[in-house]
Amino acid sequence: MKEIRWHGRGGQGGFTASRLLGIAASVHGGKHALAFPSFGPERRGAPVLAFTKIDDTKIHDRSEVQNSDYVVVMDETLVTPGFEKGIRLGATILINTENIEKYREPLKEFQVVGIDASSLAMEILGRPITNTAMYGALAATSGLVSKEAAIASIHTEMKPKLAALNEKIVERAFETINAQVAVC
Amino acid sequence: MKSNKIFISGDEAVAQGVRLSRPHVVAAYPITPQTITVERLAEMAESGEMEGEYMHVESEHSAISATMGASSVGARTFTASSSQGLLYMAEGLHYCSGGRWPVVMMNANRSVALPWSIYGDQRDSLSLLDCGWIQVYVEDAQEALDMIIQAYKIAEHKDVLTPMMVNLDGFILTHTYELVDIPEQKMVDEFLPPFQTPNKMSFEEPKNLGFSSKPDDNTEFKYQQNEAMFKAIDVIRDVDQEFAEKFGRKYHDMVEEYRCEDAEVVLVALGSVCGTIRVVVDKMRAEGKKVGLLKIRYMRPFPETEVKDLAKRVNAIGVIDKDISFGYEGTVYTNVNSAISKIDKYVYKSNFVGGLGGRDITKDEIEEMFNKLFSGVENKSEEKVEFFSLNVESND
């Protein structure tokens with residue numbers, strides 16, 4: 001089973017991203033998935049978590065996620081002391097940042113990947129809603145779901161006009177991540 | 001069979017199950033973590049996707065009163081609540097079962113104040129075991145949807161005519177999204193025909209309903225209510241079988257045994273934690289340890305026969321209670337223990353109380369419970385009620 005932890009602020013769409021990944025994996029990918037928010041009341045702007053579990057077989061485990069394989073950070077101000085707790089050593093951490101280099105030393109026990117999702121979202125959506133950019137970047141980095149499944153999940157979940165814009169964002173996120181891999 | 005699988009939460013799965021069951025009247029008051037269910041039902045009623053009427057009510061007490069009233073003229077009805085809201089209904093719950101009105105309710109299991117808590121445990125519904133409602137506990141969103149449909153068929157059966165509460169764990173099930181198969185309306189219609197009952201107000205056959213009783217006949221009413229609950233056991237079995245033939249999903253009636261065939265020690269639990277226990281059972285089985293799970297589905301009527309049958313085959317039984325009856329023990333344990341006391345054999349028993357107010361129950365904790373049961377048998381330990389993962393000093 002793969003466990004994914006999403007960090008965002010209330011209103012940034014972190015829980016939507018966790019569900020999109022679940023839809024891509026299950027409805028469009030033939031696997032099993034659970035997606036859930038950190039339980040309890042949520043406020044706009046406050047730090048919130050969301051989770052996705054993905055497996056080839058039915059997921060019975062209903063306990064909390066304690067060893068994330070992938071962590072997605074939609075707002076880099078959320079990388080604060082104690083952030084590493086509950087992340088598997090060697091896990092991949094994806095951060096929305098203009099400068100990923102500054103995270104390499106403090107998070108050296110993990111693989112860190114950066115993408116400037118805010119600029120990408122501003123360019124295409126005109127608003128700094130970074131969830132689908134980070135979702136696309138996660139799919140491209142991890143291979144948890146294919147690009148086709150990721151795009152299909154957006155069309156399953158969103159109205160056509162918004163889906164078209166977000167499809168473009170996912171395409172660009174894939175290009176950005178693939179270009180980084182090519183450079184390495 | 002055509003499949004229509006969508007990725008939805010437990011709350012939404014319940015709303016889908018209700019829509020497919022074609023209730024005439026839905027009356028509910030929103031409360032976390034049930035809110036999404038009633039929001040969806042209100043939307044469905046507004047858009048015409050659901051034909052029934054959504055009645056706005058000012059409280060849970062009114063919600064149960066309204067559904068009872070509609071049921072008394074022969075309507076199929078639905079309500080939903082949780083925690084404080086369910087307890088606010090309590091007077092009406094007894095009234096409804098006594099009136100033999102087969103209202104179906106969803107309860108999102110949530111802790112009870114004080115301290116105030118919106119998070120999950122099972123103290124709300126377990127404190128109402130004696131209110132005369134059939135109580136079933138589900139493990140995932142699919143089972144939640146399927147049990148709403150089954151609930152109408154069980155509750156409305158002429159031998160039962162008893163209201164039914166479908167319980168799903170707050171947040172863990174209500175707010176978790178998963179793949180759920182939505183049955184076709186045509187198939188649900190074939191499985192669940194319209195509600196027919198002689199027990200209704202009608203101009204054609206006027207009769208007295210909701211009446212008073214005197215000491216010389218009250219006991220007989222309560223006796224019949226109790227008999228109907230026992231008759232429900234056969235109906236539950238038949239309905240589950242018919243459901244399996246129609247929809248291809250079977251829920252093993254009153255209980256489900258998981259890897260209990262040759263088990264030495266077994267954990268008993270209700271609801272979503274059963275899923276996590278399955279994972280631990282598989283791990284320990286792979287290590288050669290003979291452990292198993294008894295998932296209790298129905299708390300009322302209680303699966304006494306099944307518990308006794310299992311107890312005859314094992315050395316130890318541990319009961320997880322997301323509940324405590326203060327001054328004694330967990331309520332599930334009390335019920336299980338009563339059944340075990342009726343067999344002619346000693347079984348080591350232990351009560352693990354925890355997961356209260358939303359606290360996670362981890363795989364490590366479950367494994368430790370199994371190990372404590374093994375060592376309890378070996379060392380002939382004293383049987384006790386233990387709060388697990390406690391952060392204050394206990395008496396031990």
# chains A, B, ... in the order shown; residues from 1 in each chain; ligands from 1
>>> select_by_dssp(residues="region 281-332 of chain B", states="helix (DSSP H, G or I)", output="VMD selection string")
chain B and resid 281 to 286 304 to 311 331 to 332
>>> write_last_selection(atoms="N, CA and C atoms", output="short mmCIF file (atom, residue, chain, number, x, y, z; two decimals), in the first residue's frame")
data_model
loop_
_atom_site.label_atom_id
_atom_site.label_comp_id
_atom_site.auth_asym_id
_atom_site.auth_seq_id
_atom_site.Cartn_x
_atom_site.Cartn_y
_atom_site.Cartn_z
N VAL B 281 -4.71 -9.59 11.65
CA VAL B 281 -4.92 -11.04 11.64
C VAL B 281 -4.08 -11.67 10.53
N ASP B 282 -4.12 -11.06 9.33
CA ASP B 282 -3.33 -11.60 8.21
C ASP B 282 -1.84 -11.61 8.53
N LYS B 283 -1.35 -10.54 9.15
CA LYS B 283 0.07 -10.44 9.49
C LYS B 283 0.45 -11.53 10.49
N MET B 284 -0.36 -11.67 11.55
CA MET B 284 -0.02 -12.64 12.61
C MET B 284 -0.21 -14.08 12.12
N ARG B 285 -1.20 -14.29 11.25
CA ARG B 285 -1.39 -15.63 10.66
C ARG B 285 -0.16 -16.02 9.85
N ALA B 286 0.40 -15.02 9.12
CA ALA B 286 1.59 -15.29 8.31
C ALA B 286 2.76 -15.70 9.21
N GLU B 304 -26.46 -14.12 19.85
CA GLU B 304 -26.05 -15.01 20.95
C GLU B 304 -25.58 -16.37 20.44
N THR B 305 -26.35 -16.96 19.51
CA THR B 305 -25.99 -18.28 18.99
C THR B 305 -24.59 -18.27 18.39
N GLU B 306 -24.30 -17.24 17.59
CA GLU B 306 -23.02 -17.17 16.90
C GLU B 306 -21.86 -16.98 17.88
N VAL B 307 -22.07 -16.15 18.91
CA VAL B 307 -21.01 -15.92 19.89
C VAL B 307 -20.74 -17.21 20.68
N LYS B 308 -21.80 -17.90 21.09
CA LYS B 308 -21.63 -19.16 21.83
C LYS B 308 -20.90 -20.19 20.98
N ASP B 309 -21.29 -20.27 19.72
CA ASP B 309 -20.68 -21.24 18.80
C ASP B 309 -19.18 -20.99 18.67
N LEU B 310 -18.81 -19.71 18.57
CA LEU B 310 -17.39 -19.38 18.45
C LEU B 310 -16.66 -19.68 19.76
N ALA B 311 -17.29 -19.30 20.87
CA ALA B 311 -16.64 -19.47 22.18
C ALA B 311 -16.30 -20.93 22.45
N THR B 331 -20.03 -1.98 26.90
CA THR B 331 -21.35 -2.58 26.68
C THR B 331 -21.30 -3.79 25.74
N VAL B 332 -20.43 -3.74 24.75
CA VAL B 332 -20.32 -4.90 23.85
C VAL B 332 -19.82 -6.10 24.66
#
>>> interface_residues(of="chain B", to="chain A", cutoff="8 Å", atoms="only C-alpha atoms", output="list of chain:residue names")
B:Lys5, B:Ile6, B:Phe7, B:Ile118, B:Tyr119, B:Phe171, B:Ile172, B:His175, B:Thr176, B:Tyr177, B:Glu178, B:Leu179, B:Ser272, B:Val273, B:Gly275, B:Thr276, B:Ile277, B:Arg278, B:Val279, B:Asp360, B:Ile361, B:Thr362, B:Lys363
>>> select_by_dssp(residues="region 73-112 of chain B", states="strand (DSSP E or B)", output="JSON, numbers by chain")
{"B": [77, 78, 79, 80, 81, 104, 105, 106, 107, 108, 109]}
>>> write_last_selection(atoms="C-alpha atoms", output="short mmCIF file (atom, residue, chain, number, x, y, z; two decimals), in the first residue's frame")
data_model
loop_
_atom_site.label_atom_id
_atom_site.label_comp_id
_atom_site.auth_asym_id
_atom_site.auth_seq_id
_atom_site.Cartn_x
_atom_site.Cartn_y
_atom_site.Cartn_z
CA THR B 77 -39.59 7.22 5.97
CA PHE B 78 -35.97 8.06 6.70
CA THR B 79 -34.14 10.09 9.30
CA ALA B 80 -30.48 10.50 10.27
CA SER B 81 -28.62 11.74 13.29
CA VAL B 104 -35.03 3.58 9.00
CA MET B 105 -32.33 5.79 10.44
CA MET B 106 -28.66 6.37 9.76
CA ASN B 107 -26.56 7.15 12.81
CA ALA B 108 -23.06 8.56 12.35
CA ASN B 109 -21.35 7.18 15.45
#
>>> residues_around(residues="Asn96 (chain A)", least_positions_apart="6", cutoff="10 Å", atoms="only C-alpha atoms", output="NGL selection string")
:A and (72-77 or 113-119 or 130-131 or 133-134 or 137)
>>> residues_around(residues="Gly17 (chain B)", least_positions_apart="4", cutoff="12 Å", atoms="only C-alpha atoms", output="ChimeraX atom specification")
/B:10-13,21-23,37,40-41,50,78,104-106,141-152,166,180-185,188,192
>>> closest_residue(among="B:Pro30, B:Gly327, B:Gly74, B:Gly355", to="Gly120 (chain B)", atoms="only C-alpha atoms")
B:Gly355
>>> closest_atom_pairs(of="region 100-136 of chain B", to="region 227-234 of chain B", cutoff="9 Å", atoms="only C-alpha atoms", output="Markdown table")
| residue | atom | partner | partner_atom | distance |
| --- | --- | --- | --- | --- |
| B:Gly132 | CA | B:Met229 | CA | 8.1 |
| B:Trp133 | CA | B:Met229 | CA | 8.5 |
| B:Ile134 | CA | B:Met229 | CA | 7.4 |
>>> write_last_selection(atoms="C-alpha atoms", output="compact mmCIF listing (two decimals), in the first residue's frame")
# COMPACT_ATOMS: atom_id res chain seq x y z
CA GLY B 132 -36.25 -1.34 20.79
CA TRP B 133 -34.51 -0.54 17.49
CA ILE B 134 -32.64 -3.06 15.39
>>> closest_residue(among="A:Lys147, A:Lys85, A:Arg44, A:Lys161", to="Gly11 (chain A)", atoms="only C-alpha atoms")
A:Arg44
>>> residues_around(residues="Val145 (chain A)", least_positions_apart="6", cutoff="8 Å", atoms="only C-alpha atoms", output="NGL selection string")
:A and (21 or 24-25 or 29 or 139)
>>> write_last_selection(atoms="N, CA and C atoms", output="mmCIF file, in the first residue's frame")
data_model
loop_
_atom_site.group_PDB
_atom_site.id
_atom_site.type_symbol
_atom_site.label_atom_id
_atom_site.label_comp_id
_atom_site.auth_asym_id
_atom_site.auth_seq_id
_atom_site.Cartn_x
_atom_site.Cartn_y
_atom_site.Cartn_z
ATOM 1 N N LEU A 21 -6.688 12.070 -6.801
ATOM 2 C CA LEU A 21 -5.739 10.955 -6.884
ATOM 3 C C LEU A 21 -6.468 9.627 -6.645
ATOM 4 N N ALA A 24 -8.456 8.805 -9.775
ATOM 5 C CA ALA A 24 -7.574 8.355 -10.863
ATOM 6 C C ALA A 24 -7.133 6.915 -10.619
ATOM 7 N N ALA A 25 -6.767 6.610 -9.368
ATOM 8 C CA ALA A 25 -6.265 5.267 -9.051
ATOM 9 C C ALA A 25 -7.375 4.219 -9.130
ATOM 10 N N GLY A 29 -7.993 3.710 -12.806
ATOM 11 C CA GLY A 29 -6.746 2.944 -12.773
ATOM 12 C C GLY A 29 -6.901 1.501 -12.347
ATOM 13 N N ALA A 139 1.795 12.911 -9.720
ATOM 14 C CA ALA A 139 1.576 11.806 -10.657
ATOM 15 C C ALA A 139 2.820 11.601 -11.521
#
>>> atom_distance(atom1="CA of Phe195 (chain B)", atom2="CA of Glu53 (chain B)")
16.1 Å
>>> closest_residue(among="A:Glu84, A:Glu175, A:Glu148, A:Asp56", to="Leu107 (chain A)", atoms="only C-alpha atoms")
A:Glu84
>>> closest_residue(among="A:Leu138, A:Val170, A:Ala17, A:Ile124", to="Ile95 (chain A)", atoms="only C-alpha atoms")
A:Leu138
>>> atom_distance(atom1="CA of Pro194 (chain B)", atom2="CA of Val14 (chain B)")
19.3 Å
>>> residues_around(residues="Arg43 (chain A)", least_positions_apart="5", cutoff="9 Å", atoms="only C-alpha atoms", output="list in words")
Arg9, Gly10, Gly11 and Val48 of chain A
>>> write_last_selection(atoms="N, CA and C atoms", output="compact mmCIF listing (two decimals), in the first residue's frame")
# COMPACT_ATOMS: atom_id res chain seq x y z
N ARG A 9 -3.51 24.73 2.99
CA ARG A 9 -4.27 25.59 3.90
C ARG A 9 -5.73 25.51 3.49
N GLY A 10 -6.61 25.64 4.46
CA GLY A 10 -8.05 25.54 4.18
C GLY A 10 -8.43 26.43 3.00
N GLY A 11 -9.03 25.86 1.97
CA GLY A 11 -9.43 26.64 0.81
C GLY A 11 -8.50 26.47 -0.38
N VAL A 48 -4.14 22.45 6.98
CA VAL A 48 -4.96 21.24 6.96
C VAL A 48 -4.20 20.12 6.26
>>> closest_residue(among="B:Gly271, B:Pro198, B:Pro33, B:Pro301", to="Ser83 (chain B)", atoms="only C-alpha atoms")
B:Pro33
>>> closest_residue(among="B:Gln135, B:Ser127, B:Thr197, B:Ser338", to="Phe326 (chain B)", atoms="only C-alpha atoms")
B:Ser127
>>> residues_around(residues="Phe211 (chain B)", least_positions_apart="2", cutoff="12 Å", atoms="only C-alpha atoms", output="PyMOL selection string")
chain B and resi 95+98-99+207-209+213-214+217-218+221
